[in-house]
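What's in final.csv: CSV, C-alpha atoms
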chain,number,residue,atom,x,y,z
A,858,MET,CA,0.0,0.0,0.0
A,859,ALA,CA,1.1,3.6,-0.6
A,860,PRO,CA,2.0,5.5,2.6
A,861,ASN,CA,-1.1,7.2,4.2
A,862,SER,CA,-1.1,10.8,5.1
A,863,SER,CA,-0.4,10.2,8.8
A,864,ASN,CA,2.7,8.3,7.9
A,865,ILE,CA,3.8,11.0,5.6
A,866,ARG,CA,3.5,13.6,8.3
A,867,ASP,CA,5.3,11.3,10.8
A,868,ASN,CA,8.1,10.9,8.4
A,869,GLY,CA,8.8,14.6,8.4
A,870,LEU,CA,8.3,15.3,4.8
A,871,ASN,CA,7.1,18.8,5.3
A,872,ILE,CA,10.6,20.2,5.9
A,873,SER,CA,13.4,21.8,3.9
A,874,HIS,CA,15.7,20.2,1.3
A,875,SER,CA,18.1,17.7,3.0
A,876,THR,CA,19.3,14.2,2.7
A,877,SER,CA,16.6,12.9,5.1
A,878,THR,CA,14.0,14.9,3.3
A,879,ALA,CA,15.0,13.3,0.0
A,880,GLN,CA,14.7,9.9,1.5
A,881,CYS,CA,11.2,10.7,2.9
A,882,ILE,CA,10.1,12.2,-0.5
A,883,HIS,CA,11.2,8.9,-2.1
A,884,GLN,CA,8.8,7.1,0.2
A,885,ALA,CA,6.1,9.6,-0.8
A,886,ILE,CA,6.7,9.1,-4.5
A,887,SER,CA,7.4,5.4,-4.7
A,888,ASN,CA,4.9,2.6,-3.9
A,889,ASP,CA,7.7,0.7,-2.2
A,890,SER,CA,5.5,-0.6,0.7
A,891,THR,CA,4.0,-3.0,-1.8
A,892,PHE,CA,6.6,-2.8,-4.6
A,893,ALA,CA,10.0,-3.0,-2.8
A,894,SER,CA,12.5,-1.4,-5.2
A,895,HIS,CA,15.7,-3.3,-6.2
A,896,THR,CA,18.3,-0.7,-7.0
A,897,HIS,CA,20.9,-3.2,-8.2
A,898,SER,CA,23.4,-1.9,-5.7
A,899,GLY,CA,23.6,-4.8,-3.3
A,900,SER,CA,20.6,-3.9,-1.2
A,901,SER,CA,19.1,-6.6,1.0
A,902,GLY,CA,15.5,-7.4,2.1
A,903,ARG,CA,14.3,-8.7,-1.3
A,904,PRO,CA,11.1,-10.7,-1.0
A,905,ALA,CA,11.1,-14.4,-1.6
A,906,SER,CA,10.2,-15.6,-5.1
A,907,LYS,CA,7.2,-17.6,-6.1
A,908,ASN,CA,5.9,-19.0,-9.3
A,909,VAL,CA,3.6,-16.8,-11.4
A,910,ASP,CA,0.9,-18.2,-13.6
A,911,ARG,CA,1.7,-17.0,-17.1
A,912,SER,CA,-1.2,-18.7,-18.8
A,913,THR,CA,-2.4,-15.3,-19.9
A,914,CYS,CA,-0.5,-12.5,-21.4
A,915,PRO,CA,-0.3,-10.0,-19.9
A,916,ALA,CA,-1.1,-10.9,-16.3
A,917,ALA,CA,-3.9,-9.0,-14.6
A,918,PRO,CA,-2.7,-6.0,-12.6
A,919,PRO,CA,-3.1,-5.8,-8.9
A,920,ALA,CA,-6.5,-4.5,-7.7
A,921,ASN,CA,-5.2,-1.1,-6.6
A,922,GLN,CA,-3.6,-0.2,-9.9
A,923,GLY,CA,-5.0,1.0,-13.3
A,924,ARG,CA,-6.2,-1.6,-15.7
A,925,LEU,CA,-4.4,-2.6,-18.9
A,926,PRO,CA,-6.1,-1.6,-22.1
A,927,PRO,CA,-7.9,-4.4,-24.0
A,928,ARG,CA,-5.4,-6.6,-25.7
A,929,PRO,CA,-5.6,-6.2,-29.5
A,930,ALA,CA,-6.4,-9.3,-31.6
A,931,ARG,CA,-2.9,-9.8,-32.8
A,932,SER,CA,0.2,-11.6,-31.6
A,933,PRO,CA,2.6,-10.0,-29.2
A,934,ALA,CA,5.2,-10.3,-31.9
A,935,ARG,CA,3.2,-8.2,-34.3
A,936,GLU,CA,2.4,-5.7,-31.6
A,937,SER,CA,6.1,-5.2,-30.7
A,938,GLN,CA,7.1,-4.9,-34.4
A,939,GLN,CA,4.7,-1.9,-34.8
A,940,LEU,CA,6.6,0.2,-32.2
A,941,PRO,CA,8.0,3.2,-34.1
A,942,GLY,CA,11.8,3.4,-33.9
A,943,ARG,CA,12.3,-0.1,-32.5
A,944,LEU,CA,15.8,-1.4,-33.1
A,945,ARG,CA,15.9,-4.7,-34.8
A,946,PRO,CA,18.7,-7.3,-34.3
A,947,GLY,CA,21.8,-6.1,-35.9
A,948,ALA,CA,20.9,-2.4,-35.7
A,949,MET,CA,23.2,-1.7,-32.7
A,950,SER,CA,26.9,-1.4,-32.9
A,951,GLN,CA,28.8,-4.0,-30.9
A,952,GLN,CA,30.5,-1.1,-29.1
A,953,LEU,CA,28.8,1.5,-26.9
A,954,PRO,CA,27.4,4.1,-29.4
A,955,GLY,CA,28.3,7.7,-28.5
A,956,ARG,CA,24.9,8.9,-29.6
A,957,LEU,CA,21.8,7.2,-31.0
A,958,GLN,CA,21.3,9.1,-34.3
A,959,SER,CA,17.6,8.7,-34.8
A,960,GLY,CA,15.0,11.5,-34.9
A,961,ALA,CA,14.3,13.1,-31.5
A,962,VAL,CA,16.7,10.8,-29.7
A,963,GLY,CA,19.3,12.9,-31.5
A,964,ARG,CA,22.1,13.8,-29.2
A,965,ILE,CA,21.1,11.7,-26.2
A,966,PRO,CA,23.3,8.7,-25.4
A,967,ILE,CA,21.2,5.5,-25.4
A,968,LEU,CA,22.5,4.4,-22.0
A,969,GLY,CA,23.3,6.5,-18.9
A,970,LEU,CA,23.9,6.4,-15.2
A,971,GLY,CA,21.0,7.0,-13.0
A,972,THR,CA,21.6,8.8,-9.6
A,973,TRP,CA,18.2,8.7,-7.9
A,974,LYS,CA,18.6,7.4,-4.3
A,975,ALA,CA,22.4,7.4,-4.7
A,976,ALA,CA,23.8,8.5,-1.3
A,977,PRO,CA,26.0,11.6,-1.3
A,978,GLY,CA,28.9,9.5,0.2
A,979,GLU,CA,28.7,7.0,-2.7
A,980,VAL,CA,27.7,8.9,-5.8
A,981,THR,CA,31.0,10.7,-6.4
A,982,GLU,CA,32.9,7.4,-6.8
A,983,ALA,CA,30.0,5.9,-8.8
A,984,VAL,CA,30.3,8.8,-11.3
A,985,LYS,CA,34.1,8.4,-11.5
A,986,VAL,CA,33.8,4.7,-12.2
A,987,ALA,CA,31.0,5.2,-14.7
A,988,ILE,CA,33.1,7.7,-16.7
A,989,ASP,CA,36.1,5.5,-16.6
A,990,VAL,CA,34.3,2.5,-18.1
A,991,GLY,CA,32.6,4.5,-20.8
A,992,TYR,CA,29.4,6.2,-19.6
A,993,ARG,CA,29.0,9.7,-21.0
A,994,HIS,CA,25.3,10.3,-20.0
A,995,VAL,CA,24.6,11.1,-16.3
A,996,ASP,CA,21.0,11.6,-15.1
A,997,CYS,CA,20.6,14.0,-12.1
A,998,ALA,CA,17.9,16.1,-10.5
A,999,TYR,CA,17.6,18.8,-7.8
A,1000,LEU,CA,15.4,16.5,-5.8
A,1001,TYR,CA,18.0,13.8,-5.5
A,1002,ASN,CA,20.0,16.1,-3.2
A,1003,ASN,CA,23.3,14.8,-4.5
A,1004,GLU,CA,24.2,17.1,-7.4
A,1005,ASN,CA,27.2,18.5,-5.5
A,1006,GLU,CA,28.7,15.1,-5.3
A,1007,VAL,CA,27.8,14.2,-8.9
A,1008,GLY,CA,29.5,17.4,-9.9
A,1009,ALA,CA,32.6,16.6,-7.9
A,1010,GLY,CA,32.9,13.3,-9.8
A,1011,ILE,CA,32.4,14.9,-13.2
A,1012,GLN,CA,35.0,17.7,-12.4
A,1013,HIS,CA,37.5,15.1,-11.2
A,1014,LYS,CA,37.4,13.2,-14.4
A,1015,ILE,CA,37.6,16.4,-16.5
A,1016,LYS,CA,40.7,17.6,-14.6
A,1017,GLU,CA,42.3,14.1,-15.0
A,1018,GLY,CA,41.8,14.5,-18.8
A,1019,VAL,CA,39.7,11.4,-19.0
A,1020,VAL,CA,36.9,13.4,-20.7
A,1021,ARG,CA,36.1,16.9,-21.9
A,1022,ARG,CA,33.0,18.6,-20.9
A,1023,GLU,CA,31.7,18.5,-24.4
A,1024,ASP,CA,32.0,14.7,-24.4
A,1025,LEU,CA,29.4,14.4,-21.6
A,1026,PHE,CA,25.6,14.6,-21.6
A,1027,ILE,CA,24.4,15.8,-18.2
A,1028,VAL,CA,20.7,15.9,-17.4
A,1029,SER,CA,19.0,17.6,-14.5
A,1030,LYS,CA,15.3,18.3,-13.6
A,1031,LEU,CA,13.1,21.2,-12.5
A,1032,TRP,CA,11.4,20.4,-9.3
A,1033,CYS,CA,7.7,21.0,-8.7
A,1034,THR,CA,8.1,24.0,-6.4
A,1035,TYR,CA,9.9,25.9,-9.1
A,1036,HIS,CA,7.2,25.8,-11.8
A,1037,LYS,CA,6.4,29.5,-11.6
A,1038,LYS,CA,8.0,31.2,-14.6
A,1039,SER,CA,10.1,33.6,-12.5
A,1040,LEU,CA,11.6,30.7,-10.6
A,1041,VAL,CA,12.7,28.4,-13.4
A,1042,LYS,CA,16.0,30.1,-14.1
A,1043,THR,CA,16.7,30.2,-10.4
A,1044,ALA,CA,16.2,26.5,-10.2
A,1045,CYS,CA,18.4,25.9,-13.2
A,1046,HIS,CA,21.2,28.0,-11.7
A,1047,LYS,CA,21.0,26.0,-8.5
A,1048,SER,CA,21.7,22.8,-10.3
A,1049,LEU,CA,24.4,24.3,-12.5
A,1050,LYS,CA,26.2,25.7,-9.4
A,1051,ALA,CA,25.9,22.3,-7.6
A,1052,LEU,CA,27.2,20.4,-10.6
A,1053,LYS,CA,29.9,23.0,-11.2
A,1054,LEU,CA,28.9,23.4,-14.8
A,1055,ASP,CA,28.2,26.3,-17.2
A,1056,TYR,CA,25.4,24.5,-19.0
A,1057,LEU,CA,23.2,21.5,-19.0
A,1058,ASP,CA,22.8,19.2,-22.0
A,1059,LEU,CA,19.2,18.5,-21.0
A,1060,TYR,CA,16.8,20.0,-18.5
A,1061,LEU,CA,13.5,18.3,-17.8
A,1062,ILE,CA,10.2,19.3,-16.1
A,1063,HIS,CA,10.4,16.6,-13.4
A,1064,TRP,CA,6.6,16.2,-13.0
A,1065,PRO,CA,3.7,18.0,-14.7
A,1066,MET,CA,2.4,19.1,-11.3
A,1067,GLY,CA,3.4,22.5,-9.8
A,1068,PHE,CA,3.6,22.8,-6.0
A,1069,LYS,CA,3.4,25.8,-3.7
A,1070,PRO,CA,6.8,27.5,-3.9
A,1071,GLY,CA,8.8,28.1,-0.8
A,1072,GLU,CA,11.5,26.5,1.4
A,1073,LYS,CA,9.8,23.1,1.5
A,1074,ASP,CA,10.3,20.8,-1.4
A,1075,LEU,CA,7.1,19.0,-0.6
A,1076,PRO,CA,4.6,21.4,1.0
A,1077,LEU,CA,1.7,19.4,2.5
A,1078,ASP,CA,-1.8,20.4,3.7
A,1079,ARG,CA,-3.3,19.2,7.0
A,1080,ASN,CA,-4.4,16.0,5.2
A,1081,GLY,CA,-0.9,15.2,4.1
A,1082,MET,CA,-1.5,15.9,0.4
A,1083,ALA,CA,0.8,18.1,-1.7
A,1084,ILE,CA,-0.3,21.8,-1.9
A,1085,PRO,CA,-0.6,22.8,-5.6
A,1086,SER,CA,0.5,26.0,-7.1
A,1087,GLU,CA,-1.6,27.9,-9.6
A,1088,THR,CA,0.9,27.3,-12.4
A,1089,ASP,CA,0.2,25.7,-15.7
A,1090,TYR,CA,3.0,23.5,-17.2
A,1091,LEU,CA,2.5,25.3,-20.5
A,1092,GLU,CA,3.7,28.5,-18.8
A,1093,THR,CA,6.5,26.7,-17.2
A,1094,TRP,CA,7.6,25.4,-20.6
A,1095,GLU,CA,7.9,29.0,-21.8
A,1096,ALA,CA,10.5,29.7,-19.1
A,1097,MET,CA,12.2,26.4,-20.1
A,1098,GLU,CA,12.5,27.6,-23.7
A,1099,GLU,CA,14.1,30.8,-22.4
A,1100,LEU,CA,16.9,28.7,-20.8
A,1101,VAL,CA,17.8,27.3,-24.2
A,1102,ILE,CA,17.8,30.8,-25.7
A,1103,ALA,CA,20.0,32.0,-22.9
A,1104,GLY,CA,22.5,29.2,-23.5
A,1105,LEU,CA,22.0,27.6,-20.0
A,1106,VAL,CA,20.7,24.3,-21.5
A,1107,LYS,CA,21.0,22.7,-24.9
A,1108,TYR,CA,17.8,20.6,-24.9
A,1109,ILE,CA,14.6,20.6,-22.8
A,1110,GLY,CA,12.1,17.8,-22.2
A,1111,VAL,CA,9.6,16.4,-19.7
A,1112,SER,CA,9.2,13.6,-17.3
A,1113,ASN,CA,6.2,11.6,-16.1
A,1114,PHE,CA,3.9,13.3,-18.6
A,1115,ASN,CA,0.9,11.2,-19.9
A,1116,HIS,CA,0.0,11.3,-23.6
A,1117,GLU,CA,-2.7,14.0,-23.1
A,1118,GLN,CA,-0.3,16.3,-21.3
A,1119,LEU,CA,2.4,15.8,-23.9
A,1120,GLU,CA,-0.1,16.3,-26.8
A,1121,ARG,CA,-1.3,19.5,-25.2
A,1122,LEU,CA,2.3,20.7,-25.0
A,1123,LEU,CA,3.1,19.8,-28.5
A,1124,ASN,CA,0.0,21.6,-29.7
A,1125,LYS,CA,0.8,24.8,-27.9
A,1126,PRO,CA,0.1,27.5,-30.5
A,1127,ASP,CA,3.3,29.5,-29.8
A,1128,LEU,CA,5.6,26.6,-29.1
A,1129,ARG,CA,9.2,27.5,-29.9
A,1130,ILE,CA,11.1,24.4,-28.8
A,1131,LYS,CA,9.7,20.8,-28.8
A,1132,PRO,CA,10.5,18.5,-25.9
A,1133,ILE,CA,13.2,16.1,-26.9
A,1134,THR,CA,12.3,13.3,-24.5
A,1135,ASN,CA,9.7,12.1,-22.0
A,1136,GLN,CA,11.4,10.3,-19.1
A,1137,ILE,CA,9.1,7.7,-17.6
A,1138,GLU,CA,9.1,4.6,-15.4
A,1139,CYS,CA,9.5,1.6,-17.6
A,1140,HIS,CA,10.3,-2.1,-17.1
A,1141,PRO,CA,8.7,-5.4,-18.0
A,1142,TYR,CA,6.1,-5.1,-15.3
A,1143,LEU,CA,5.2,-1.7,-16.7
A,1144,THR,CA,6.0,-1.9,-20.4
A,1145,GLN,CA,4.4,1.5,-21.3
A,1146,ARG,CA,3.7,0.2,-24.8
A,1147,ASN,CA,0.9,2.8,-25.6
A,1148,LEU,CA,2.8,5.8,-24.2
A,1149,ILE,CA,6.1,4.8,-26.0
A,1150,ARG,CA,4.2,4.3,-29.2
A,1151,PHE,CA,2.6,7.7,-28.8
A,1152,CYS,CA,5.9,9.5,-28.0
A,1153,GLN,CA,7.8,8.0,-30.8
A,1154,SER,CA,5.1,8.7,-33.3
A,1155,ARG,CA,5.4,12.4,-32.3
A,1156,ASP,CA,9.3,12.3,-32.6
A,1157,VAL,CA,9.7,12.5,-28.9
A,1158,SER,CA,12.2,10.0,-27.5
A,1159,VAL,CA,11.5,8.0,-24.4
A,1160,THR,CA,13.9,7.6,-21.5
A,1161,ALA,CA,13.3,4.7,-19.1
A,1162,TYR,CA,13.9,5.2,-15.4
A,1163,ARG,CA,13.7,2.4,-12.8
A,1164,PRO,CA,14.5,-0.1,-15.7
A,1165,LEU,CA,15.5,-2.8,-13.3
A,1166,GLY,CA,12.0,-2.7,-11.6
A,1167,GLY,CA,11.3,-4.1,-8.2
A,1168,SER,CA,9.1,-6.8,-6.8
A,1169,CYS,CA,5.5,-7.5,-7.7
A,1170,GLU,CA,3.2,-10.1,-6.0
A,1171,GLY,CA,6.1,-11.5,-4.1
A,1172,VAL,CA,8.3,-11.9,-7.2
A,1173,ASP,CA,11.3,-9.6,-7.7
A,1174,LEU,CA,11.7,-8.6,-11.3
A,1175,MET,CA,15.3,-9.6,-11.2
A,1176,ASP,CA,14.2,-13.1,-10.1
A,1177,ASP,CA,11.4,-13.5,-12.6
A,1178,PRO,CA,11.7,-17.0,-14.2
A,1179,VAL,CA,11.3,-15.6,-17.8
A,1180,ILE,CA,14.1,-13.0,-17.3
A,1181,LYS,CA,16.4,-15.5,-15.6
A,1182,MET,CA,15.9,-18.0,-18.4
A,1183,ILE,CA,16.8,-15.4,-21.1
A,1184,ALA,CA,19.8,-14.4,-19.0
A,1185,ARG,CA,21.1,-18.0,-18.8
A,1186,LYS,CA,20.7,-18.4,-22.5
A,1187,HIS,CA,22.8,-15.3,-23.3
A,1188,LYS,CA,25.2,-15.9,-20.3
A,1189,LYS,CA,24.3,-12.4,-19.1
A,1190,SER,CA,22.8,-11.0,-15.9
A,1191,PRO,CA,19.1,-10.3,-15.5
A,1192,ALA,CA,20.0,-6.6,-15.3
A,1193,GLN,CA,21.7,-6.8,-18.6
A,1194,ILE,CA,18.7,-8.4,-20.1
A,1195,LEU,CA,16.4,-5.6,-18.8
A,1196,ILE,CA,18.7,-2.9,-20.1
A,1197,ARG,CA,19.0,-4.5,-23.5
A,1198,PHE,CA,15.3,-4.9,-23.7
A,1199,GLN,CA,14.8,-1.2,-23.6
A,1200,ILE,CA,17.6,-0.5,-26.1
A,1201,GLN,CA,16.0,-2.8,-28.6
A,1202,ARG,CA,12.7,-0.9,-28.2
A,1203,GLY,CA,14.5,2.3,-29.1
A,1204,VAL,CA,14.3,3.5,-25.5
A,1205,ILE,CA,17.0,5.4,-23.7
A,1206,VAL,CA,17.8,3.7,-20.4
A,1207,ILE,CA,19.4,5.0,-17.2
A,1208,PRO,CA,20.0,2.2,-14.7
A,1209,LYS,CA,21.2,3.3,-11.3
A,1210,SER,CA,24.0,1.6,-9.4
A,1211,VAL,CA,26.8,2.6,-7.0
A,1212,ASN,CA,28.4,-0.8,-7.2
A,1213,PRO,CA,31.5,-0.6,-9.4
A,1214,LYS,CA,31.2,-4.1,-10.8
A,1215,ARG,CA,27.5,-3.6,-11.7
A,1216,ILE,CA,28.1,-0.1,-13.2
A,1217,GLN,CA,30.5,-1.8,-15.6
A,1218,GLU,CA,28.2,-4.8,-16.1
A,1219,ASN,CA,25.3,-2.5,-17.0
A,1220,ILE,CA,27.2,-1.0,-19.9
A,1221,GLN,CA,28.2,-4.4,-21.4
A,1222,VAL,CA,25.0,-4.8,-23.3
A,1223,PHE,CA,26.1,-4.2,-26.9
A,1224,ASP,CA,27.7,-7.6,-27.6
A,1225,PHE,CA,24.4,-9.6,-27.8
A,1226,GLU,CA,20.9,-9.3,-29.1
A,1227,LEU,CA,17.5,-10.4,-27.9
A,1228,THR,CA,15.4,-12.3,-30.4
A,1229,GLU,CA,12.0,-11.1,-31.4
A,1230,GLN,CA,10.5,-13.8,-29.3
A,1231,GLU,CA,12.5,-12.9,-26.3
A,1232,VAL,CA,11.4,-9.3,-26.5
A,1233,ASP,CA,7.8,-10.4,-26.9
A,1234,ASP,CA,8.2,-12.7,-23.9
A,1235,LEU,CA,9.3,-9.7,-21.8
A,1236,LEU,CA,6.5,-7.6,-23.1
A,1237,CYS,CA,4.1,-10.3,-21.9
A,1238,LEU,CA,5.2,-9.8,-18.3
A,1239,ASP,CA,3.4,-6.5,-18.2
A,1240,ARG,CA,1.2,-6.0,-15.0
A,1241,ASP,CA,0.7,-2.3,-15.4
A,1242,PHE,CA,2.4,-2.1,-12.0
A,1243,ARG,CA,3.9,1.3,-11.2
A,1244,ILE,CA,6.5,2.0,-8.5
A,1245,ALA,CA,6.6,5.8,-8.7
A,1246,ARG,CA,2.9,6.6,-8.1
A,1247,PHE,CA,3.4,9.8,-6.1
A,1248,PRO,CA,0.1,9.1,-4.2
A,1249,ILE,CA,0.2,12.3,-2.1
A,1250,ALA,CA,-0.2,14.3,-5.3
A,1251,GLU,CA,-3.1,12.3,-6.8
A,1252,ASN,CA,-5.6,15.1,-6.1
A,1253,HIS,CA,-3.6,17.6,-8.2
A,1254,LYS,CA,-5.2,18.8,-11.4
A,1255,ASP,CA,-2.1,17.7,-13.4
A,1256,TYR,CA,-1.6,14.3,-11.7
A,1257,PRO,CA,-0.5,12.2,-14.7
A,1258,PHE,CA,-1.8,8.7,-13.7
A,1259,ASN,CA,-5.5,9.2,-13.7
A,1260,ILE,CA,-5.8,8.1,-17.3
A,1261,GLU,CA,-4.8,4.9,-19.1
A,1262,TYR,CA,-1.5,6.2,-20.4
Any chance you could put this one into structure tokens?
Amino acid sequence: MAPNSSNIRDNGLNISHSTSTAQCIHQAISNDSTFASHTHSGSSGRPASKNVDRSTCPAAPPANQGRLPPRPARSPARESQQLPGRLRPGAMSQQLPGRLQSGAVGRIPILGLGTWKAAPGEVTEAVKVAIDVGYRHVDCAYLYNNENEVGAGIQHKIKEGVVRREDLFIVSKLWCTYHKKSLVKTACHKSLKALKLDYLDLYLIHWPMGFKPGEKDLPLDRNGMAIPSETDYLETWEAMEELVIAGLVKYIGVSNFNHEQLERLLNKPDLRIKPITNQIECHPYLTQRNLIRFCQSRDVSVTAYRPLGGSCEGVDLMDDPVIKMIARKHKKSPAQILIRFQIQRGVIVIPKSVNPKRIQENIQVFDFELTEQEVDDLLCLDRDFRIARFPIAENHKDYPFNIEY
């Protein structure tokens, strides 16, 4: 179950930006009390596995989640083949591509390092290791409360001569309390200062919902629900465009937008700059087929966060029998299968780890290919089960998960 409002207040969420606050906000955003996340960083406490009945495809979602759309009368193979931009076997280089040169994906490296929930004491070394083994894309956010440490790792490798700034693709995100047009540049400057950078390669609107501005990252009412601002994300977008014009960011995009919200933005009459990507939660238990299809049809790339999933109905995604079987066949880890799955769908993927061995392992996904059948088998694991539900914002007018996709 998602945390209730009394738990949220008891956890001290309604306080200023700090490490403890970031941890509490993670609890507010993620549905981890029923879907315990597996960060692929050696964490313990994983639930025991059990067999899942796969006689139907996809399996029915849990009762407290949205329902899957009716399954079309065609095979999973045909369904997956109709995804725009999907990479077919042989389409990827056997070495890590610097960029994926395809439409809106454009300049975004296909694989990056996620830093959500990476502790400040660990993330600097994780960034150093990642750059050493070939990562050039690092995904950050103000909310993660570790951009100073991420910046330290980046600057260390630049000073060592391992990389130049222009070789890197650094992403950050505008938090919900900064949606007011006059605050967007302030928020961007905060991230730039923390990261010790002159510009960002990509800046995203973290969520479509604007919250009451102030010192508190998550302002709550007496019922423990997020206090909204009167902002409209279309107005926020205008300030995002100004960041590009000012040279503070190269590209702008969105995160956690549903298809109606993205369509509304793309149809904005005076739109000057299109979003380059929509960063969304995506893994085999939440395949996001409809939303990915929509984004790619509008030349907006998709970036998958939480690609290694978590546990559903007592089964950890990393322990799922289908995934483990495919991993054994290719002599790869389950994490490598999950990352490759996204790449072959034409989806940018940002797995998080602070474990040096796993950081390197996660990038070694360009020397094998999943078959069409294997991709379809992974698609059939869909349960429409979302980890990052952000339940304390579900009353917000711009809450994105009240519609099918």
Could you name the residues that touch stretch 998-1014 of chain A at 6 Å or less, counting all atoms listed in the file, but leaving out those on the same chain fewer than 5 positions away, as a VMD selection string? chain A and resid 973 977 981 984 to 985 1019 1029 to 1030 1051 to 1053
Between atom CA of A:Thr1160 and atom CA of A:Ile1220, what is the spacing in Å?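 Computed distance, atom CA of A:Ile1220 to atom CA of A:Thr1160, equals 15.9 Å.
Using only C-alpha atoms, the nearest neighbour of A:Val1159 within the list A:Arg1022, A:Lys1209, A:Lys1214, A:Arg1146 is A:Arg1146.
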Between A:His1187, A:Pro1208, A:Tyr1256, A:Met1066, which is the closest to A:Lys974 once you count all atoms listed in the file?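 Counting all atoms listed in the file, the residue closest to A:Lys974 is A:Pro1208.
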What's the separation between atom CA of A:Glu1072 and atom CA of A:Lys1037, in Å to one decimal place?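 Going from atom CA of A:Glu1072 over to atom CA of A:Lys1037 covers 14.3 Å.
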Just give me the gap between atom CA of A:Gly1081 and atom CA of A:Tyr1035 in Å, one decimal is fine.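 Straight-line distance from atom CA of A:Gly1081 to atom CA of A:Tyr1035 works out to 20.1 Å.
Distances from A:Gln1201, A:Leu1091, A:Phe1026, A:Gln1136 to A:Glu1229 were compared using all atoms listed in the file, and the smallest one belongs to A:Gln1201.
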Using only C-alpha atoms, what does the table of stretch 1027-1070 of chain A residues within 8 Å of stretch 1109-1128 of chain A look like, with each row giving the shortest atom pair and its distance in Å to one decimal, sorted by chain and ascending number, as a tab-separated table?
residue	atom	partner	partner_atom	distance
A:Leu1059	CA	A:Ile1109	CA	5.4
A:Tyr1060	CA	A:Ile1109	CA	4.9
A:Leu1061	CA	A:Gly1110	CA	4.6
A:Ile1062	CA	A:Val1111	CA	4.7
A:His1063	CA	A:Ser1112	CA	5.1
A:Trp1064	CA	A:Asn1113	CA	5.6
A:Pro1065	CA	A:Phe1114	CA	6.1
Calculated over all atoms listed in the file, which of the candidates A:Ile967, A:Ala1245, A:Ile1200, A:Leu1238 has the smallest distance to A:Ile1180?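 For A:Ile1180, the nearest of the candidates is A:Leu1238.
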Since the input lacks some atoms of stretch 1221-1225 of chain A, please model all heavy atoms and print them as an mmCIF file, in the coordinates of the input.
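Output contents, as saved in part-v8.cif:
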data_model
loop_
_atom_site.group_PDB
_atom_site.id
_atom_site.type_symbol
_atom_site.label_atom_id
_atom_site.label_comp_id
_atom_site.auth_asym_id
_atom_site.auth_seq_id
_atom_site.Cartn_x
_atom_site.Cartn_y
_atom_site.Cartn_z
ATOM 1 N N GLN A 1221 27.772 -3.306 -20.495
ATOM 2 C CA GLN A 1221 28.200 -4.400 -21.400
ATOM 3 C C GLN A 1221 26.988 -5.090 -21.993
ATOM 4 O O GLN A 1221 26.734 -6.264 -21.763
ATOM 5 C CB GLN A 1221 29.100 -5.360 -20.608
ATOM 6 C CG GLN A 1221 30.396 -4.727 -20.149
ATOM 7 C CD GLN A 1221 31.200 -5.603 -19.211
ATOM 8 O OE1 GLN A 1221 30.669 -6.532 -18.594
ATOM 9 N NE2 GLN A 1221 32.493 -5.329 -19.089
ATOM 10 N N VAL A 1222 26.246 -4.329 -22.773
ATOM 11 C CA VAL A 1222 25.000 -4.800 -23.300
ATOM 12 C C VAL A 1222 24.930 -4.663 -24.855
ATOM 13 O O VAL A 1222 23.861 -4.772 -25.457
ATOM 14 C CB VAL A 1222 23.778 -4.100 -22.698
ATOM 15 C CG1 VAL A 1222 23.638 -4.483 -21.239
ATOM 16 C CG2 VAL A 1222 23.895 -2.582 -22.854
ATOM 17 N N PHE A 1223 26.094 -4.446 -25.479
ATOM 18 C CA PHE A 1223 26.100 -4.200 -26.900
ATOM 19 C C PHE A 1223 26.825 -5.355 -27.668
ATOM 20 O O PHE A 1223 27.132 -5.216 -28.842
ATOM 21 C CB PHE A 1223 26.782 -2.870 -27.226
ATOM 22 C CG PHE A 1223 26.013 -1.715 -26.644
ATOM 23 C CD1 PHE A 1223 26.377 -1.162 -25.432
ATOM 24 C CD2 PHE A 1223 24.907 -1.205 -27.299
ATOM 25 C CE1 PHE A 1223 25.663 -0.114 -24.884
ATOM 26 C CE2 PHE A 1223 24.180 -0.158 -26.761
ATOM 27 C CZ PHE A 1223 24.561 0.396 -25.549
ATOM 28 N N ASP A 1224 27.043 -6.469 -26.973
ATOM 29 C CA ASP A 1224 27.700 -7.600 -27.600
ATOM 30 C C ASP A 1224 26.738 -8.790 -27.757
ATOM 31 O O ASP A 1224 27.161 -9.914 -28.009
ATOM 32 C CB ASP A 1224 28.942 -8.024 -26.837
ATOM 33 C CG ASP A 1224 28.650 -8.393 -25.385
ATOM 34 O OD1 ASP A 1224 27.502 -8.162 -24.934
ATOM 35 O OD2 ASP A 1224 29.569 -8.893 -24.703
ATOM 36 N N PHE A 1225 25.444 -8.538 -27.587
ATOM 37 C CA PHE A 1225 24.400 -9.600 -27.800
ATOM 38 C C PHE A 1225 23.128 -8.928 -28.172
ATOM 39 O O PHE A 1225 22.939 -7.721 -28.028
ATOM 40 C CB PHE A 1225 24.277 -10.447 -26.524
ATOM 41 C CG PHE A 1225 23.487 -9.783 -25.419
ATOM 42 C CD1 PHE A 1225 22.159 -10.138 -25.183
ATOM 43 C CD2 PHE A 1225 24.058 -8.803 -24.613
ATOM 44 C CE1 PHE A 1225 21.428 -9.529 -24.169
ATOM 45 C CE2 PHE A 1225 23.342 -8.196 -23.591
ATOM 46 C CZ PHE A 1225 22.025 -8.564 -23.365
#
